[in-house]
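Data block for coords10.pdb (PDB, C-alpha atoms):
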ATOM      1  CA  MET H  13     124.877 130.824  84.956
ATOM      2  CA  PRO H  14     127.250 130.223  82.006
ATOM      3  CA  ALA H  15     127.234 132.844  79.253
ATOM      4  CA  GLU H  16     125.615 131.486  76.064
ATOM      5  CA  GLY H  17     126.701 134.230  73.692
ATOM      6  CA  VAL H  18     129.967 136.137  73.447
ATOM      7  CA  PRO H  19     130.029 138.521  76.420
ATOM      8  CA  PRO H  20     132.146 141.684  76.195
ATOM      9  CA  TRP H  21     134.807 140.312  78.583
ATOM     10  CA  LEU H  22     135.387 137.342  76.266
ATOM     11  CA  ARG H  23     135.647 139.127  72.904
ATOM     12  CA  ALA H  24     139.223 140.447  73.152
ATOM     13  CA  SER H  25     140.635 137.054  74.168
ATOM     14  CA  LEU H  26     138.744 135.253  71.397
ATOM     15  CA  LEU H  27     139.779 137.786  68.764
ATOM     16  CA  ARG H  28     143.417 137.445  69.829
ATOM     17  CA  TRP H  29     143.159 133.651  69.544
ATOM     18  CA  LEU H  30     141.425 133.962  66.149
ATOM     19  CA  GLN H  31     144.001 136.301  64.569
ATOM     20  CA  PRO H  32     146.333 133.658  63.045
ATOM     21  CA  ILE H  33     143.353 131.896  61.450
ATOM     22  CA  LEU H  34     141.524 135.048  60.324
ATOM     23  CA  HIS H  35     144.735 136.180  58.650
ATOM     24  CA  ALA H  36     145.361 132.638  57.316
ATOM     25  CA  VAL H  37     149.034 132.971  58.156
ATOM     26  CA  GLN H  38     149.867 129.677  56.515
ATOM     27  CA  ASP H  39     148.597 127.825  53.471
ATOM     28  CA  SER H  40     149.375 124.354  54.777
ATOM     29  CA  GLN H  41     150.604 122.645  57.902
ATOM     30  CA  TYR H  42     154.208 123.405  56.984
ATOM     31  CA  HIS H  43     154.344 126.724  55.086
ATOM     32  CA  ARG H  44     153.839 130.097  56.763
ATOM     33  CA  TYR H  45     153.239 133.295  54.845
ATOM     34  CA  SER H  46     155.911 135.918  55.402
ATOM     35  CA  GLY H  47     154.132 138.801  57.097
ATOM     36  CA  THR H  48     151.183 139.023  54.726
ATOM     37  CA  SER H  49     147.592 138.000  55.186
ATOM     38  CA  SER H  50     145.851 135.560  52.922
ATOM     39  CA  PRO H  51     142.182 135.900  52.017
ATOM     40  CA  ALA H  52     141.714 132.108  52.333
ATOM     41  CA  PHE H  53     139.776 132.029  55.608
ATOM     42  CA  VAL H  54     137.608 135.096  54.913
ATOM     43  CA  GLU H  55     136.673 133.722  51.488
ATOM     44  CA  GLN H  56     135.811 130.384  53.068
ATOM     45  CA  ALA H  57     133.724 132.103  55.773
ATOM     46  CA  GLU H  58     131.753 133.945  53.077
ATOM     47  CA  ARG H  59     131.037 130.728  51.165
ATOM     48  CA  ARG H  60     130.289 128.447  54.087
ATOM     49  CA  LEU H  61     128.408 130.884  56.321
ATOM     50  CA  HIS H  62     126.641 132.705  53.456
ATOM     51  CA  ILE H  63     127.757 136.171  54.554
ATOM     52  CA  THR H  64     128.973 139.189  52.597
ATOM     53  CA  VAL H  65     132.270 140.843  53.478
ATOM     54  CA  ASP H  66     133.446 144.219  52.166
ATOM     55  CA  TRP H  67     136.404 143.588  49.834
ATOM     56  CA  SER H  68     136.569 147.183  48.521
ATOM     57  CA  ARG H  69     139.878 147.817  50.292
ATOM     58  CA  ASP H  70     142.187 144.799  50.583
ATOM     59  CA  GLU H  71     142.494 141.525  52.511
ATOM     60  CA  ARG H  72     143.109 143.345  55.785
ATOM     61  CA  GLY H  73     140.027 145.481  55.154
ATOM     62  CA  ALA H  74     137.967 142.349  54.568
ATOM     63  CA  ILE H  75     139.292 140.816  57.812
ATOM     64  CA  HIS H  76     138.439 144.051  59.639
ATOM     65  CA  ASP H  77     134.919 144.044  58.169
ATOM     66  CA  LEU H  78     134.373 140.412  59.188
ATOM     67  CA  THR H  79     135.626 141.189  62.706
ATOM     68  CA  GLU H  80     133.267 144.182  62.991
ATOM     69  CA  GLN H  81     130.341 142.002  61.867
ATOM     70  CA  MET H  82     131.294 139.377  64.468
ATOM     71  CA  ILE H  83     131.427 141.946  67.272
ATOM     72  CA  ALA H  84     127.976 143.222  66.299
ATOM     73  CA  ASN H  85     126.402 139.752  66.016
ATOM     74  CA  ASP H  86     127.017 137.023  68.631
ATOM     75  CA  ASP H  87     125.535 134.302  66.417
ATOM     76  CA  LEU H  88     127.923 135.184  63.594
ATOM     77  CA  PHE H  89     130.825 135.331  66.072
ATOM     78  CA  LEU H  90     130.002 131.802  67.249
ATOM     79  CA  ASP H  91     129.552 130.542  63.668
ATOM     80  CA  VAL H  92     132.961 131.959  62.695
ATOM     81  CA  LEU H  93     134.492 130.481  65.855
ATOM     82  CA  GLY H  94     133.030 127.075  64.931
ATOM     83  CA  LEU H  95     134.500 127.366  61.439
ATOM     84  CA  THR H  96     137.916 128.386  62.764
ATOM     85  CA  ILE H  97     137.962 125.319  65.005
ATOM     86  CA  GLU H  98     137.534 123.183  61.906
ATOM     87  CA  GLU H  99     140.129 125.197  59.948
ATOM     88  CA  VAL H 100     142.652 125.662  62.766
ATOM     89  CA  GLY H 101     145.422 124.552  60.363
ATOM     90  CA  LEU H 102     145.186 127.879  58.510
ATOM     91  CA  GLY H 103     146.653 129.641  61.524
ATOM     92  CA  TYR H 104     148.467 127.013  63.531
ATOM     93  CA  THR H 105     150.874 124.285  62.449
ATOM     94  CA  PHE H 106     149.931 120.641  62.892
ATOM     95  CA  GLN H 107     152.197 120.538  65.930
ATOM     96  CA  GLU H 108     150.482 123.631  67.419
ATOM     97  CA  GLU H 109     146.863 122.624  66.754
ATOM     98  CA  SER H 110     146.255 120.634  69.943
ATOM     99  CA  ASN H 111     147.752 123.326  72.179
ATOM    100  CA  ALA H 112     145.817 126.035  70.337
ATOM    101  CA  LEU H 113     142.511 124.213  70.826
ATOM    102  CA  ASN H 114     143.326 123.591  74.505
ATOM    103  CA  GLU H 115     144.087 127.304  74.874
ATOM    104  CA  LEU H 116     140.747 128.193  73.285
ATOM    105  CA  ASP H 117     138.879 125.846  75.614
ATOM    106  CA  ARG H 118     140.733 127.390  78.583
ATOM    107  CA  ILE H 119     139.738 130.887  77.411
ATOM    108  CA  LEU H 120     136.087 129.844  77.158
ATOM    109  CA  THR H 121     136.148 128.152  80.573
ATOM    110  CA  GLU H 122     137.824 131.044  82.387
ATOM    111  CA  ALA H 123     135.331 133.522  80.912
ATOM    112  CA  GLY H 124     132.379 131.472  82.173
ATOM    113  CA  SER H 125     131.211 130.570  78.678
ATOM    114  CA  ALA H 126     128.691 127.805  78.088
ATOM    115  CA  TRP H 127     130.644 126.824  74.937
ATOM    116  CA  ARG H 128     133.199 123.999  74.909
ATOM    117  CA  ILE H 129     135.514 122.439  72.324
ATOM    118  CA  ASP H 130     135.016 118.788  71.439
ATOM    119  CA  VAL H 131     137.568 116.833  69.396
ATOM    120  CA  GLN H 132     136.694 113.308  68.297
ATOM    121  CA  THR H 133     139.107 111.076  66.414
ATOM    122  CA  VAL H 134     137.346 108.888  63.848
ATOM    123  CA  GLU H 135     138.545 106.235  61.464
ATOM    124  CA  THR H 136     138.469 107.346  57.821
ATOM    125  CA  GLY H 137     138.197 103.879  56.298
ATOM    126  CA  ASP H 138     141.425 104.428  54.362
ATOM    127  CA  GLU H 139     144.689 102.631  54.935
ATOM    128  CA  TYR H 140     148.220 103.917  54.565
ATOM    129  CA  CYS H 141     151.047 101.375  54.431
ATOM    130  CA  GLY H 142     148.755  98.767  55.965
ATOM    131  CA  HIS H 143     147.641 100.997  58.868
ATOM    132  CA  LYS H 144     144.199 102.486  59.402
ATOM    133  CA  SER H 145     143.976 106.243  59.033
ATOM    134  CA  TYR H 146     142.126 108.616  61.323
ATOM    135  CA  ARG H 147     141.031 112.231  61.344
ATOM    136  CA  ASP H 148     139.807 114.633  63.977
ATOM    137  CA  ILE H 149     136.328 116.121  63.943
ATOM    138  CA  ARG H 150     136.311 119.364  65.909
ATOM    139  CA  THR H 151     133.107 121.036  67.037
ATOM    140  CA  LEU H 152     131.929 123.803  69.326
ATOM    141  CA  HIS H 153     129.287 122.597  71.796
ATOM    142  CA  LEU H 154     126.882 124.558  73.941
ATOM    143  CA  SER H 155     126.754 122.908  77.357
ATOM    144  CA  LEU H 156     124.008 124.167  79.624
ATOM    145  CA  PRO H 157     122.965 122.510  82.872
ATOM    146  CA  THR H 158     119.285 123.294  82.183
ATOM    147  CA  ALA H 159     119.188 121.904  78.632
ATOM    148  CA  SER H 160     116.936 118.889  78.414
ATOM    149  CA  THR H 161     117.403 117.954  74.778
ATOM    150  CA  THR H 162     120.210 117.530  72.319
ATOM    151  CA  MET H 163     119.909 119.937  69.387
ATOM    152  CA  ARG H 164     122.153 120.893  66.488
ATOM    153  CA  ARG H 165     122.909 124.548  65.873
ATOM    154  CA  SER H 166     123.954 125.037  62.290
ATOM    155  CA  PRO H 167     125.418 128.192  60.738
ATOM    156  CA  THR H 168     123.436 127.395  57.598
ATOM    157  CA  THR H 169     121.182 124.554  56.607
ATOM    158  CA  THR H 170     123.452 123.749  53.673
ATOM    159  CA  ALA H 171     126.744 123.871  55.548
ATOM    160  CA  PRO H 172     128.669 120.598  55.727
ATOM    161  CA  PRO H 173     128.027 118.562  58.891
ATOM    162  CA  SER H 174     131.542 119.279  60.170
ATOM    163  CA  THR H 175     130.734 123.008  60.495
ATOM    164  CA  ARG H 176     127.483 122.495  62.369
ATOM    165  CA  MET H 177     127.469 123.034  66.094
ATOM    166  CA  LYS H 178     125.781 120.632  68.485
ATOM    167  CA  ARG H 179     123.875 121.460  71.637
ATOM    168  CA  ARG H 180     124.090 118.826  74.301
ATOM    169  CA  THR H 181     123.441 118.487  77.985
ATOM    170  CA  ALA H 182     126.366 118.691  80.390
ATOM    171  CA  ALA H 183     126.909 118.910  84.114
ATOM    172  CA  PRO H 184     126.983 122.409  85.633
ATOM    173  CA  GLY H 185     130.354 124.218  85.561
ATOM    174  CA  SER H 186     132.656 123.823  88.518
ATOM    175  CA  ALA H 187     132.939 126.420  91.237
ATOM    176  CA  ALA H 188     136.560 126.955  90.207
ATOM    177  CA  SER H 189     135.626 127.929  86.653
ATOM    178  CA  SER H 190     132.913 130.303  87.937
ATOM    179  CA  ALA H 191     135.422 131.940  90.286
ATOM    180  CA  ALA H 192     137.966 132.277  87.476
ATOM    181  CA  ALA H 193     135.333 133.899  85.239
ATOM    182  CA  SER H 194     134.420 136.352  88.010
ATOM    183  CA  ARG H 195     138.090 137.282  88.510
ATOM    184  CA  LEU H 196     138.610 137.726  84.758
ATOM    185  CA  SER H 197     135.492 139.888  84.286
ATOM    186  CA  SER H 198     136.395 142.077  87.266
ATOM    187  CA  LYS H 199     139.848 142.781  85.742
ATOM    188  CA  LEU H 200     138.295 143.951  82.450
TER     189      LEU H 200
END

Final structure tokens representation of the file:
Amino acid sequence: MPAEGVPPWLRASLLRWLQPILHAVQDSQYHRYSGTSSPAFVEQAERRLHITVDWSRDERGAIHDLTEQMIANDDLFLDVLGLTIEEVGLGYTFQEESNALNELDRILTEAGSAWRIDVQTVETGDEYCGHKSYRDIRTLHLSLPTASTTMRRSPTTTAPPSTRMKRRTAAPGSAASSAAASRLSSKL
């Protein structure tokens, strides 16, 4: 049975993947900060997820506090993960985004998680130099073989639709992914 929450054997891999975004190592697709953390993502997480983070120390202290809250609360961990998928550009360059999201999906699959990444390209309605423009909508989906309905899981009722997580029915995981998850959990 796929893991619906964030099992202990998955946390370290997810936190490692999240580090560039949690630390907001860049302020745009092209500019990286030089060795310092930015509070940009943590501030955004507070606003969008309606959480309180301890800022009494510094930015690193706030990141540490958010991480501790995530470890203690699977729902918050998943909400933050959903937000980082949307804001992947704070930690990865435009050229790295696709590979980073593929890596995250691989991590989730190998760990036997029920969560999957979905990226949909949609037309914006704008034109640039006579060409239509598009943007990606990234979401975290819970895919369970026993789910019979499609439901939305939202971090908050007032969060923008792009940060809400969908629940939808999917085929059961492959035997290969279950075996990989068993091997990974036995190593930890």

Could you give me, as number ranges by chain, the residues within 8 Å of stretch 64-81 of chain H, counting all atoms listed in the file and dropping anything in the same chain fewer than 6 positions from it? H: 34-35, 49-51, 54, 58, 88-89

Report, in Å to a single decimal, how far apart atom CA of H:Gly94 and atom CA of H:His153 are.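 Atom-to-atom, atom CA of H:His153 and atom CA of H:Gly94 are spaced 9.0 Å apart.
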
Best match for closeness to H:Asp91 among H:Gly17, H:Gly142, H:Gly103, H:Pro32, counting all atoms listed in the file: H:Gly17

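A straight line drawn from atom CA of H:Ala126 to atom CA of H:Pro14 is 4.8 Å long.
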
One-decimal distance in Å that lies between atom CA of H:Arg150 and atom CA of H:Val131: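 Computed distance, atom CA of H:Val131 to atom CA of H:Arg150, equals 4.5 Å.
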
Go through the shown structure with the PyMOL selection byres ((chain H and resi 99) around 10) and write out the matching residues as a VMD selection string. chain H and resid 33 to 34 36 53 56 93 to 98 100 to 104 109 150 175

Let me see the file: selected residues, C-alpha atoms, as a short mmCIF file (atom, residue, chain, number, x, y, z; two decimals), in the frame of the given file.
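Heads up, here's the output in out.cif:
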data_model
loop_
_atom_site.label_atom_id
_atom_site.label_comp_id
_atom_site.auth_asym_id
_atom_site.auth_seq_id
_atom_site.Cartn_x
_atom_site.Cartn_y
_atom_site.Cartn_z
CA ILE H 33 143.35 131.90 61.45
CA LEU H 34 141.52 135.05 60.32
CA ALA H 36 145.36 132.64 57.32
CA PHE H 53 139.78 132.03 55.61
CA GLN H 56 135.81 130.38 53.07
CA LEU H 93 134.49 130.48 65.86
CA GLY H 94 133.03 127.08 64.93
CA LEU H 95 134.50 127.37 61.44
CA THR H 96 137.92 128.39 62.76
CA ILE H 97 137.96 125.32 65.00
CA GLU H 98 137.53 123.18 61.91
CA VAL H 100 142.65 125.66 62.77
CA GLY H 101 145.42 124.55 60.36
CA LEU H 102 145.19 127.88 58.51
CA GLY H 103 146.65 129.64 61.52
CA TYR H 104 148.47 127.01 63.53
CA GLU H 109 146.86 122.62 66.75
CA ARG H 150 136.31 119.36 65.91
CA THR H 175 130.73 123.01 60.50
#
